[in-house]
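Source file: final-v6.cif. Holds: mmCIF, C-alpha atoms.
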```
data_work
#
loop_
_atom_site.label_atom_id
_atom_site.label_comp_id
_atom_site.auth_asym_id
_atom_site.auth_seq_id
_atom_site.Cartn_x
_atom_site.Cartn_y
_atom_site.Cartn_z
CA MET A 1 7.05 -30.27 -22.95
CA PRO A 2 9.05 -32.79 -21.07
CA LEU A 3 11.01 -31.18 -18.23
CA ILE A 4 14.44 -32.70 -17.66
CA HIS A 5 16.89 -32.42 -14.78
CA VAL A 6 20.39 -33.83 -15.23
CA SER A 7 22.86 -34.37 -12.39
CA LEU A 8 26.54 -35.07 -12.91
CA ARG A 9 29.91 -34.62 -11.21
CA ALA A 10 31.38 -31.14 -11.52
CA GLY A 11 34.43 -30.49 -13.68
CA LYS A 12 33.34 -31.22 -17.23
CA PRO A 13 34.00 -28.53 -19.86
CA LYS A 14 31.20 -26.37 -21.17
CA ALA A 15 31.11 -28.18 -24.53
CA TYR A 16 30.60 -31.50 -22.75
CA ARG A 17 27.56 -30.22 -20.88
CA GLN A 18 26.19 -28.47 -23.96
CA ALA A 19 26.44 -31.80 -25.82
CA ILE A 20 24.28 -33.42 -23.15
CA LEU A 21 21.59 -30.76 -23.60
CA ASP A 22 21.75 -31.19 -27.38
CA GLY A 23 21.64 -35.00 -27.21
CA LEU A 24 18.64 -35.06 -24.90
CA TYR A 25 16.73 -32.65 -27.09
CA ARG A 26 17.50 -34.70 -30.19
CA ALA A 27 16.51 -37.94 -28.43
CA MET A 28 13.14 -36.42 -27.52
CA ARG A 29 12.63 -35.20 -31.10
CA ASP A 30 13.45 -38.66 -32.47
CA THR A 31 11.38 -40.79 -30.11
CA LEU A 32 8.68 -38.64 -28.49
CA SER A 33 7.99 -36.40 -31.51
CA VAL A 34 8.19 -33.28 -29.37
CA PRO A 35 7.83 -30.04 -31.34
CA GLU A 36 10.76 -27.89 -32.40
CA ASP A 37 12.42 -25.96 -29.57
CA ASP A 38 10.82 -28.16 -26.90
CA LYS A 39 14.01 -28.28 -24.86
CA PHE A 40 13.37 -27.54 -21.20
CA ILE A 41 16.46 -29.00 -19.59
CA THR A 42 18.68 -28.09 -16.66
CA ILE A 43 21.95 -29.53 -15.39
CA THR A 44 23.31 -29.42 -11.85
CA GLU A 45 26.96 -30.19 -11.14
CA HIS A 46 28.02 -31.87 -7.92
CA ASP A 47 31.33 -32.24 -6.15
CA GLU A 48 32.41 -35.62 -4.83
CA ALA A 49 30.79 -35.31 -1.37
CA ASN A 50 27.47 -34.41 -3.03
CA PHE A 51 27.23 -37.33 -5.43
CA SER A 52 27.12 -41.06 -4.97
CA TYR A 53 26.74 -43.97 -7.35
CA GLY A 54 27.45 -47.69 -7.40
CA ASP A 55 27.52 -50.82 -9.53
CA ALA A 56 24.11 -52.21 -8.55
CA TYR A 57 22.24 -54.29 -11.15
CA GLY A 58 25.47 -55.51 -12.73
CA VAL A 59 26.40 -52.24 -14.40
CA ALA A 60 30.00 -51.01 -14.03
CA ARG A 61 29.42 -47.31 -13.51
CA SER A 62 32.07 -44.61 -13.15
CA ALA A 63 32.25 -41.07 -11.76
CA ASP A 64 31.02 -39.98 -15.19
CA VAL A 65 27.54 -41.35 -14.51
CA VAL A 66 24.73 -38.94 -15.40
CA TYR A 67 21.35 -39.09 -13.67
CA ILE A 68 18.63 -37.94 -16.05
CA GLN A 69 15.14 -37.43 -14.62
CA ILE A 70 12.51 -36.70 -17.24
CA THR A 71 8.94 -35.64 -16.48
CA VAL A 72 6.55 -36.37 -19.38
CA PHE A 73 2.84 -36.72 -20.10
CA ASP A 74 1.38 -39.89 -18.61
CA SER A 75 0.13 -40.83 -22.08
CA ARG A 76 3.54 -42.00 -23.32
CA THR A 77 3.65 -45.69 -24.23
CA VAL A 78 6.13 -48.28 -22.98
CA GLU A 79 7.50 -48.53 -26.50
CA GLN A 80 8.12 -44.78 -26.65
CA LYS A 81 9.94 -44.88 -23.34
CA LYS A 82 12.08 -47.83 -24.40
CA ALA A 83 12.98 -46.02 -27.62
CA LEU A 84 13.80 -42.89 -25.62
CA PHE A 85 16.17 -44.77 -23.28
CA ARG A 86 17.93 -46.41 -26.25
CA ARG A 87 18.28 -43.16 -28.17
CA ILE A 88 19.58 -41.18 -25.20
CA ALA A 89 22.32 -43.75 -24.57
CA GLU A 90 23.18 -43.80 -28.28
CA LEU A 91 23.39 -40.03 -28.68
CA LEU A 92 25.24 -39.32 -25.44
CA GLY A 93 27.64 -42.09 -26.45
CA GLU A 94 28.38 -40.27 -29.70
CA SER A 95 28.75 -36.91 -28.01
CA PRO A 96 30.07 -36.05 -25.45
CA GLY A 97 31.14 -39.71 -25.39
CA ILE A 98 29.47 -41.04 -22.26
CA ARG A 99 29.75 -44.80 -21.74
CA ALA A 100 26.39 -46.60 -21.97
CA GLU A 101 26.99 -47.91 -18.42
CA ASP A 102 26.93 -44.33 -17.15
CA VAL A 103 23.57 -43.30 -18.56
CA PHE A 104 20.91 -43.59 -15.84
CA VAL A 105 17.41 -42.43 -16.75
CA ASN A 106 14.19 -42.20 -14.75
CA VAL A 107 10.85 -41.09 -16.13
CA LEU A 108 8.18 -39.38 -14.02
CA LEU A 109 4.62 -39.08 -15.28
CA SER A 110 2.47 -35.98 -15.08
CA ALA A 111 -1.00 -35.68 -16.59
CA LYS A 112 -1.85 -32.98 -19.14
CA GLU A 113 -3.66 -30.85 -16.58
CA ASN A 114 -0.44 -30.55 -14.56
CA TRP A 115 1.51 -28.35 -16.96
CA SER A 116 1.61 -24.63 -17.51
CA VAL A 117 4.12 -23.74 -20.22
CA GLY A 118 3.62 -19.99 -19.93
CA HIS A 119 1.09 -17.22 -19.33
CA GLY A 120 -0.30 -18.89 -16.21
CA LEU A 121 -2.46 -21.19 -18.33
CA ALA A 122 -2.94 -24.95 -18.21
CA GLN A 123 -2.48 -25.27 -21.98
CA PHE A 124 -3.09 -29.01 -22.23
CA ALA A 125 -5.88 -29.51 -19.65
CA MET B 1 3.37 -29.33 2.36
CA PRO B 2 4.06 -28.90 -1.27
CA LEU B 3 7.76 -29.24 -2.07
CA ILE B 4 8.99 -26.90 -4.79
CA HIS B 5 12.17 -26.84 -6.85
CA VAL B 6 12.89 -23.78 -9.01
CA SER B 7 15.57 -23.66 -11.70
CA LEU B 8 16.76 -20.45 -13.34
CA ARG B 9 19.80 -18.93 -15.00
CA ALA B 10 22.50 -17.72 -12.62
CA GLY B 11 23.19 -14.04 -12.13
CA LYS B 12 20.04 -12.62 -10.61
CA PRO B 13 20.41 -10.55 -7.43
CA LYS B 14 19.46 -11.95 -4.07
CA ALA B 15 16.29 -9.83 -3.84
CA TYR B 16 15.10 -11.23 -7.17
CA ARG B 17 15.41 -14.80 -5.95
CA GLN B 18 13.88 -13.97 -2.59
CA ALA B 19 10.90 -12.48 -4.42
CA ILE B 20 10.40 -15.78 -6.25
CA LEU B 21 10.32 -17.66 -2.94
CA ASP B 22 7.86 -15.14 -1.50
CA GLY B 23 5.61 -15.19 -4.57
CA LEU B 24 5.41 -18.97 -4.67
CA TYR B 25 4.53 -19.15 -1.00
CA ARG B 26 1.82 -16.53 -1.41
CA ALA B 27 0.43 -18.28 -4.50
CA MET B 28 0.13 -21.52 -2.52
CA ARG B 29 -1.56 -19.69 0.37
CA ASP B 30 -4.04 -18.05 -2.02
CA THR B 31 -4.99 -21.07 -4.12
CA LEU B 32 -4.12 -24.26 -2.22
CA SER B 33 -4.96 -22.97 1.28
CA VAL B 34 -1.70 -24.28 2.67
CA PRO B 35 -1.11 -23.42 6.34
CA GLU B 36 1.09 -20.58 7.51
CA ASP B 37 4.82 -21.17 7.08
CA ASP B 38 4.25 -24.00 4.60
CA LYS B 39 7.09 -22.84 2.38
CA PHE B 40 9.40 -25.67 1.42
CA ILE B 41 11.11 -24.25 -1.64
CA THR B 42 14.59 -24.43 -3.13
CA ILE B 43 16.20 -22.65 -6.07
CA THR B 44 19.11 -23.83 -8.19
CA GLU B 45 20.99 -21.43 -10.46
CA HIS B 46 22.47 -22.58 -13.75
CA ASP B 47 25.06 -21.13 -16.09
CA GLU B 48 24.39 -21.01 -19.81
CA ALA B 49 25.79 -24.46 -20.66
CA ASN B 50 23.60 -26.01 -17.96
CA PHE B 51 20.28 -24.57 -19.01
CA SER B 52 18.24 -24.80 -22.17
CA TYR B 53 14.87 -23.49 -23.21
CA GLY B 54 12.97 -22.78 -26.40
CA ASP B 55 9.84 -21.24 -27.88
CA ALA B 56 7.80 -24.45 -28.23
CA TYR B 57 3.99 -24.15 -27.95
CA GLY B 58 4.00 -20.64 -29.33
CA VAL B 59 5.46 -18.98 -26.25
CA ALA B 60 8.30 -16.46 -26.73
CA ARG B 61 10.55 -17.39 -23.82
CA SER B 62 13.78 -15.67 -22.80
CA ALA B 63 16.84 -16.53 -20.73
CA ASP B 64 14.77 -15.37 -17.74
CA VAL B 65 12.54 -18.43 -17.93
CA VAL B 66 11.98 -20.14 -14.56
CA TYR B 67 11.17 -23.84 -14.31
CA ILE B 68 9.00 -24.48 -11.27
CA GLN B 69 8.34 -28.09 -10.31
CA ILE B 70 5.82 -28.50 -7.50
CA THR B 71 5.04 -31.77 -5.75
CA VAL B 72 1.62 -31.76 -4.07
CA PHE B 73 -0.95 -34.16 -2.65
CA ASP B 74 -2.74 -36.11 -5.39
CA SER B 75 -6.06 -34.85 -4.01
CA ARG B 76 -5.71 -31.39 -5.57
CA THR B 77 -8.42 -30.58 -8.12
CA VAL B 78 -7.92 -29.37 -11.68
CA GLU B 79 -9.48 -26.06 -10.66
CA GLN B 80 -7.00 -25.64 -7.82
CA LYS B 81 -4.11 -26.32 -10.13
CA LYS B 82 -5.40 -23.88 -12.74
CA ALA B 83 -5.79 -21.21 -10.07
CA LEU B 84 -2.27 -21.96 -8.84
CA PHE B 85 -0.76 -21.53 -12.30
CA ARG B 86 -2.60 -18.25 -12.82
CA ARG B 87 -1.64 -16.87 -9.42
CA ILE B 88 2.03 -17.82 -9.75
CA ALA B 89 2.30 -16.00 -13.09
CA GLU B 90 0.49 -12.99 -11.64
CA LEU B 91 2.62 -12.72 -8.51
CA LEU B 92 5.97 -13.37 -10.18
CA GLY B 93 4.95 -10.77 -12.76
CA GLU B 94 4.46 -8.20 -9.99
CA SER B 95 7.71 -9.12 -8.25
CA PRO B 96 10.44 -9.74 -9.30
CA GLY B 97 8.86 -8.82 -12.64
CA ILE B 98 9.06 -12.05 -14.62
CA ARG B 99 7.26 -12.02 -17.97
CA ALA B 100 4.29 -14.42 -18.07
CA GLU B 101 5.94 -16.15 -21.05
CA ASP B 102 8.83 -17.12 -18.80
CA VAL B 103 6.85 -18.86 -16.09
CA PHE B 104 6.92 -22.62 -16.68
CA VAL B 105 5.23 -24.81 -14.07
CA ASN B 106 4.90 -28.56 -13.70
CA VAL B 107 2.98 -30.32 -10.95
CA LEU B 108 3.89 -33.77 -9.64
CA LEU B 109 1.44 -35.75 -7.52
CA SER B 110 2.32 -37.65 -4.38
CA ALA B 111 -0.23 -39.40 -2.16
CA LYS B 112 -0.58 -38.54 1.53
CA GLU B 113 1.29 -41.65 2.64
CA ASN B 114 4.39 -40.45 0.74
CA TRP B 115 5.27 -37.50 2.96
CA SER B 116 7.24 -37.21 6.17
CA VAL B 117 7.46 -33.60 7.29
CA GLY B 118 9.62 -34.29 10.31
CA HIS B 119 10.34 -36.76 13.13
CA GLY B 120 10.49 -39.74 10.79
CA LEU B 121 6.70 -39.98 10.77
CA ALA B 122 4.24 -40.27 7.87
CA GLN B 123 2.01 -37.53 9.29
CA PHE B 124 -0.72 -37.70 6.64
CA ALA B 125 -0.89 -41.47 5.99
CA MET C 1 17.33 -48.24 -7.85
CA PRO C 2 15.74 -45.42 -6.00
CA LEU C 3 16.99 -42.04 -7.22
CA ILE C 4 17.40 -39.46 -4.46
CA HIS C 5 17.87 -35.71 -4.54
CA VAL C 6 18.77 -33.90 -1.33
CA SER C 7 18.62 -30.12 -0.88
CA LEU C 8 20.19 -28.28 2.03
CA ARG C 9 21.70 -24.93 2.96
CA ALA C 10 25.27 -24.41 1.80
CA GLY C 11 28.14 -24.33 4.25
CA LYS C 12 28.27 -27.78 5.78
CA PRO C 13 31.63 -29.58 5.75
CA LYS C 14 32.32 -32.40 3.34
CA ALA C 15 32.08 -35.07 6.07
CA TYR C 16 28.60 -33.83 6.98
CA ARG C 17 27.33 -34.22 3.44
CA GLN C 18 29.07 -37.56 3.01
CA ALA C 19 27.30 -38.77 6.16
CA ILE C 20 23.95 -37.88 4.60
CA LEU C 21 24.78 -39.95 1.51
CA ASP C 22 25.88 -42.86 3.71
CA GLY C 23 22.82 -42.65 5.97
CA LEU C 24 20.37 -42.61 3.08
CA TYR C 25 22.03 -45.61 1.46
CA ARG C 26 21.95 -47.54 4.71
CA ALA C 27 18.31 -46.61 5.33
CA MET C 28 17.39 -47.98 1.90
CA ARG C 29 19.34 -51.16 2.56
CA ASP C 30 17.60 -51.64 5.90
CA THR C 31 14.01 -50.92 4.86
CA LEU C 32 13.69 -51.34 1.09
CA SER C 33 16.14 -54.27 0.72
CA VAL C 34 17.89 -52.56 -2.16
CA PRO C 35 20.93 -54.45 -3.48
CA GLU C 36 24.51 -53.60 -2.57
CA ASP C 37 25.84 -50.42 -4.16
CA ASP C 38 22.35 -49.18 -5.02
CA LYS C 39 23.17 -45.61 -4.01
CA PHE C 40 22.11 -43.12 -6.64
CA ILE C 41 22.01 -39.92 -4.65
CA THR C 42 22.82 -36.28 -5.31
CA ILE C 43 22.96 -33.23 -3.05
CA THR C 44 22.50 -29.60 -4.01
CA GLU C 45 23.54 -26.81 -1.65
CA HIS C 46 21.65 -23.54 -1.51
CA ASP C 47 22.46 -20.11 -0.16
CA GLU C 48 19.94 -18.29 1.99
CA ALA C 49 18.09 -16.54 -0.84
CA ASN C 50 17.65 -19.87 -2.61
CA PHE C 51 16.12 -21.83 0.23
CA SER C 52 13.02 -21.39 2.32
CA TYR C 53 11.42 -23.40 5.08
CA GLY C 54 8.94 -22.88 7.90
CA ASP C 55 7.32 -24.42 10.94
CA ALA C 56 4.11 -25.65 9.28
CA TYR C 57 2.47 -28.77 10.75
CA GLY C 58 3.77 -28.04 14.23
CA VAL C 59 7.39 -28.93 13.53
CA ALA C 60 10.09 -26.52 14.75
CA ARG C 61 12.46 -26.58 11.79
CA SER C 62 15.80 -24.79 11.51
CA ALA C 63 18.14 -23.71 8.72
CA ASP C 64 19.56 -27.23 8.94
CA VAL C 65 16.43 -28.73 7.39
CA VAL C 66 17.14 -31.22 4.59
CA TYR C 67 14.65 -31.88 1.82
CA ILE C 68 14.97 -35.46 0.60
CA GLN C 69 13.03 -36.43 -2.51
CA ILE C 70 13.14 -40.14 -3.29
CA THR C 71 11.83 -41.72 -6.47
CA VAL C 72 11.06 -45.44 -6.05
CA PHE C 73 9.11 -48.25 -7.72
CA ASP C 74 5.36 -47.82 -7.32
CA SER C 75 5.22 -51.31 -5.79
CA ARG C 76 6.56 -50.18 -2.41
CA THR C 77 4.07 -50.69 0.45
CA VAL C 78 2.92 -48.11 2.96
CA GLU C 79 4.70 -50.10 5.66
CA GLN C 80 7.98 -49.98 3.73
CA LYS C 81 7.67 -46.25 3.29
CA LYS C 82 6.89 -45.69 6.97
CA ALA C 83 9.92 -47.78 7.92
CA LEU C 84 12.04 -45.82 5.47
CA PHE C 85 11.00 -42.46 6.96
CA ARG C 86 11.71 -43.68 10.49
CA ARG C 87 15.10 -45.14 9.59
CA ILE C 88 16.24 -42.06 7.68
CA ALA C 89 15.46 -39.80 10.64
CA GLU C 90 17.21 -42.24 12.99
CA LEU C 91 20.38 -42.58 10.93
CA LEU C 92 20.72 -38.91 10.02
CA GLY C 93 20.20 -38.16 13.70
CA GLU C 94 23.16 -40.39 14.58
CA SER C 95 25.36 -38.94 11.84
CA PRO C 96 25.80 -36.14 10.88
CA GLY C 97 23.49 -35.29 13.79
CA ILE C 98 20.47 -33.77 12.11
CA ARG C 99 17.52 -33.04 14.42
CA ALA C 100 14.46 -35.18 13.61
CA GLU C 101 12.48 -31.95 13.09
CA ASP C 102 14.75 -31.09 10.19
CA VAL C 103 14.31 -34.28 8.19
CA PHE C 104 11.72 -33.70 5.46
CA VAL C 105 11.10 -36.58 3.05
CA ASN C 106 8.89 -36.94 0.00
CA VAL C 107 8.49 -40.09 -2.05
CA LEU C 108 7.66 -40.08 -5.77
CA LEU C 109 6.48 -43.25 -7.48
CA SER C 110 7.67 -44.49 -10.84
CA ALA C 111 6.64 -47.80 -12.41
CA LYS C 112 9.19 -50.44 -13.39
CA GLU C 113 8.98 -49.56 -17.08
CA ASN C 114 10.17 -46.02 -16.30
CA TRP C 115 13.75 -46.84 -15.36
CA SER C 116 16.89 -47.37 -17.38
CA VAL C 117 19.85 -48.05 -15.12
CA GLY C 118 22.40 -48.26 -17.93
CA HIS C 119 22.98 -49.41 -21.51
CA GLY C 120 19.85 -47.69 -22.80
CA LEU C 121 17.71 -50.60 -21.63
CA ALA C 122 14.51 -50.68 -19.57
CA GLN C 123 15.84 -53.38 -17.28
CA PHE C 124 12.72 -53.80 -15.16
CA ALA C 125 9.96 -53.39 -17.79
#
```

As a first step, turn the structure in this file into structure tokens.
Amino acid sequence: MPLIHVSLRAGKPKAYRQAILDGLYRAMRDTLSVPEDDKFITITEHDEANFSYGDAYGVARSADVVYIQITVFDSRTVEQKKALFRRIAELLGESPGIRAEDVFVNVLLSAKENWSVGHGLAQFA
Amino acid sequence: MPLIHVSLRAGKPKAYRQAILDGLYRAMRDTLSVPEDDKFITITEHDEANFSYGDAYGVARSADVVYIQITVFDSRTVEQKKALFRRIAELLGESPGIRAEDVFVNVLLSAKENWSVGHGLAQFA
Amino acid sequence: MPLIHVSLRAGKPKAYRQAILDGLYRAMRDTLSVPEDDKFITITEHDEANFSYGDAYGVARSADVVYIQITVFDSRTVEQKKALFRRIAELLGESPGIRAEDVFVNVLLSAKENWSVGHGLAQFA
């Protein structure tokens, strides 16, 4: 039950944004072994005055940069997170064709007791 | 001073969204004992290509699912968080009438030193 | 590589929002010693039914309140965070002229292994 928020510049076609949702879901299936249909992802689009980025850390980013913030269980291993980063860049590179320089990912941790995936219950506590 | 971000599909009337804000505030009053007027909540609306969800974990969700991400002090107990989840589902079920299956909540923890609620001060550090 | 999300009421001119981006970047340069061009910041604008705030904790807020959520390395000190809060309020007060009462900041912590700033790598792990 990762929860993902994606931020990108406005103006991309619907298919482009749908491909991001699909790629992120597939990357989580491949590297975190999330169950089928575990795809809780939202995208916000931003105009130019609401979005900044730069080339820090020697990465030549463009206005196509996507910020992906993923909240997951705090039990995920470093290896799983490394595999996730790699797979996201790979899949978003294939479709919708985002350059690897423009894939920016941050992971937030949240313990099992901090999730309610429906019915007002803490299913994993 | 919890800070809450809510994400849902676009197209709901203003009263519907206002009821979500009101219900979340009341749920925090009832279960976290937050002070009066402690209602720091934002909603983003998403069109179909910017929003995905699924039935993972045996919950039959719909396009009316709301993702609620709440950042709170790290001193909250498991019991408080369970009560919060329950109360949110209850109140949003009453108004605006969201099905309990469609209430998805995640809690993020942030220590007292990590909040500035005005004036550039760390009031709780 | 802090990642920042800002939420405010819709309706401010482009220059106002650009000044927020500029002020946050400068505040991070001044207090966190982030490298040049380390400015990964997004803004979402909210209409009235999608945004709530109040006067809790004795702070007289207005509809101009800005919620600033900053994710940083978990190695930042309390002193750095206090300086950051102070500098943000100072700079946003200068331009675009936000009252110190309306500057609300929350910091989230994320360990070095939880960041990929491009190329699918965990650069800081």

Minimum-distance residue to chain B, chosen among A:His5, A:His119, A:Lys12, A:Lys81 (using all atoms listed in the file): A:His119

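If you count only C-alpha atoms and ignore residues fewer than 5 places along the chain from stretch 107-111 of chain B, what sits within 7 Å of it is Ser110, Asn114 and Trp115 of chain A; Gln69, Ile70, Thr71, Val72, Phe73 and Asp74 of chain B; Leu108 of chain C.
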
Could you state which residues are captured by the PyMOL selection byres ((chain C) within 10 of (chain B)) in this file, as a PyMOL selection string? chain C and resi 7-9+44-61+65-70+77-79+81-90+93+99-109

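Note that the spacing between atom CA of C:Ala63 and atom CA of B:Gly23 amounts to 20.2 Å.
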
Hey, could you lay chain B over chain C with a least-squares C-alpha fit (all atoms, paired in order) and save it as a tab-separated table (two decimals) with C-alpha atoms, keeping the file's coordinate frame?
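Saved result, result_21.tsv, follows:
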```tsv
chain	number	residue	atom	x	y	z
B	1	MET	CA	17.31	-48.25	-7.86
B	2	PRO	CA	15.74	-45.44	-6.01
B	3	LEU	CA	16.99	-42.06	-7.22
B	4	ILE	CA	17.40	-39.47	-4.47
B	5	HIS	CA	17.86	-35.71	-4.56
B	6	VAL	CA	18.78	-33.90	-1.33
B	7	SER	CA	18.63	-30.13	-0.89
B	8	LEU	CA	20.19	-28.29	2.04
B	9	ARG	CA	21.69	-24.95	2.97
B	10	ALA	CA	25.27	-24.41	1.81
B	11	GLY	CA	28.14	-24.33	4.26
B	12	LYS	CA	28.27	-27.78	5.78
B	13	PRO	CA	31.63	-29.58	5.75
B	14	LYS	CA	32.32	-32.39	3.35
B	15	ALA	CA	32.07	-35.07	6.06
B	16	TYR	CA	28.60	-33.83	6.99
B	17	ARG	CA	27.35	-34.23	3.44
B	18	GLN	CA	29.08	-37.57	3.02
B	19	ALA	CA	27.31	-38.77	6.16
B	20	ILE	CA	23.96	-37.87	4.60
B	21	LEU	CA	24.78	-39.96	1.52
B	22	ASP	CA	25.88	-42.87	3.71
B	23	GLY	CA	22.82	-42.66	5.97
B	24	LEU	CA	20.38	-42.61	3.08
B	25	TYR	CA	22.03	-45.61	1.47
B	26	ARG	CA	21.94	-47.54	4.73
B	27	ALA	CA	18.30	-46.60	5.33
B	28	MET	CA	17.38	-47.96	1.89
B	29	ARG	CA	19.34	-51.17	2.55
B	30	ASP	CA	17.59	-51.63	5.91
B	31	THR	CA	14.01	-50.93	4.86
B	32	LEU	CA	13.69	-51.34	1.09
B	33	SER	CA	16.14	-54.25	0.72
B	34	VAL	CA	17.89	-52.56	-2.17
B	35	PRO	CA	20.93	-54.46	-3.48
B	36	GLU	CA	24.50	-53.60	-2.57
B	37	ASP	CA	25.84	-50.42	-4.17
B	38	ASP	CA	22.34	-49.19	-5.02
B	39	LYS	CA	23.18	-45.63	-4.03
B	40	PHE	CA	22.10	-43.13	-6.65
B	41	ILE	CA	22.01	-39.92	-4.65
B	42	THR	CA	22.82	-36.28	-5.32
B	43	ILE	CA	22.96	-33.24	-3.05
B	44	THR	CA	22.49	-29.61	-4.00
B	45	GLU	CA	23.55	-26.81	-1.66
B	46	HIS	CA	21.65	-23.54	-1.51
B	47	ASP	CA	22.46	-20.11	-0.15
B	48	GLU	CA	19.94	-18.28	2.00
B	49	ALA	CA	18.08	-16.53	-0.84
B	50	ASN	CA	17.63	-19.87	-2.60
B	51	PHE	CA	16.13	-21.83	0.24
B	52	SER	CA	13.02	-21.40	2.33
B	53	TYR	CA	11.42	-23.40	5.08
B	54	GLY	CA	8.93	-22.87	7.88
B	55	ASP	CA	7.33	-24.42	10.95
B	56	ALA	CA	4.12	-25.65	9.29
B	57	TYR	CA	2.47	-28.79	10.76
B	58	GLY	CA	3.76	-28.04	14.23
B	59	VAL	CA	7.38	-28.92	13.53
B	60	ALA	CA	10.10	-26.51	14.75
B	61	ARG	CA	12.47	-26.58	11.79
B	62	SER	CA	15.81	-24.79	11.51
B	63	ALA	CA	18.14	-23.70	8.72
B	64	ASP	CA	19.56	-27.24	8.94
B	65	VAL	CA	16.43	-28.73	7.39
B	66	VAL	CA	17.14	-31.23	4.59
B	67	TYR	CA	14.64	-31.88	1.81
B	68	ILE	CA	14.96	-35.45	0.60
B	69	GLN	CA	13.02	-36.44	-2.51
B	70	ILE	CA	13.15	-40.15	-3.29
B	71	THR	CA	11.83	-41.74	-6.47
B	72	VAL	CA	11.06	-45.44	-6.05
B	73	PHE	CA	9.12	-48.24	-7.73
B	74	ASP	CA	5.36	-47.82	-7.32
B	75	SER	CA	5.22	-51.31	-5.79
B	76	ARG	CA	6.54	-50.18	-2.40
B	77	THR	CA	4.08	-50.69	0.45
B	78	VAL	CA	2.92	-48.10	2.97
B	79	GLU	CA	4.71	-50.07	5.67
B	80	GLN	CA	7.98	-49.97	3.74
B	81	LYS	CA	7.68	-46.25	3.28
B	82	LYS	CA	6.91	-45.68	6.96
B	83	ALA	CA	9.92	-47.78	7.93
B	84	LEU	CA	12.05	-45.80	5.47
B	85	PHE	CA	11.01	-42.46	6.95
B	86	ARG	CA	11.71	-43.68	10.48
B	87	ARG	CA	15.10	-45.14	9.59
B	88	ILE	CA	16.24	-42.06	7.67
B	89	ALA	CA	15.47	-39.80	10.65
B	90	GLU	CA	17.21	-42.23	12.99
B	91	LEU	CA	20.37	-42.58	10.93
B	92	LEU	CA	20.72	-38.90	10.02
B	93	GLY	CA	20.20	-38.16	13.71
B	94	GLU	CA	23.16	-40.39	14.59
B	95	SER	CA	25.36	-38.94	11.84
B	96	PRO	CA	25.78	-36.14	10.88
B	97	GLY	CA	23.49	-35.28	13.80
B	98	ILE	CA	20.46	-33.75	12.12
B	99	ARG	CA	17.51	-33.03	14.41
B	100	ALA	CA	14.45	-35.17	13.61
B	101	GLU	CA	12.48	-31.95	13.09
B	102	ASP	CA	14.76	-31.10	10.19
B	103	VAL	CA	14.31	-34.28	8.19
B	104	PHE	CA	11.73	-33.71	5.46
B	105	VAL	CA	11.10	-36.59	3.05
B	106	ASN	CA	8.89	-36.93	0.00
B	107	VAL	CA	8.49	-40.09	-2.05
B	108	LEU	CA	7.67	-40.09	-5.76
B	109	LEU	CA	6.48	-43.25	-7.49
B	110	SER	CA	7.69	-44.49	-10.85
B	111	ALA	CA	6.64	-47.80	-12.41
B	112	LYS	CA	9.20	-50.44	-13.39
B	113	GLU	CA	8.97	-49.57	-17.08
B	114	ASN	CA	10.17	-46.02	-16.31
B	115	TRP	CA	13.75	-46.85	-15.35
B	116	SER	CA	16.89	-47.37	-17.39
B	117	VAL	CA	19.85	-48.05	-15.13
B	118	GLY	CA	22.39	-48.26	-17.92
B	119	HIS	CA	22.98	-49.40	-21.52
B	120	GLY	CA	19.85	-47.69	-22.81
B	121	LEU	CA	17.71	-50.60	-21.63
B	122	ALA	CA	14.50	-50.65	-19.57
B	123	GLN	CA	15.84	-53.38	-17.28
B	124	PHE	CA	12.72	-53.81	-15.15
B	125	ALA	CA	9.96	-53.39	-17.78
```

As an exercise, work out the distance from atom CA of A:Leu91 to atom CA of A:Arg26 in Å and give it to one decimal place. 8.1 Å

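Among the candidates B:Leu32, B:Leu24, B:Arg76, B:Ala10, the one nearest to B:Asp64 when counting only C-alpha atoms is B:Ala10.
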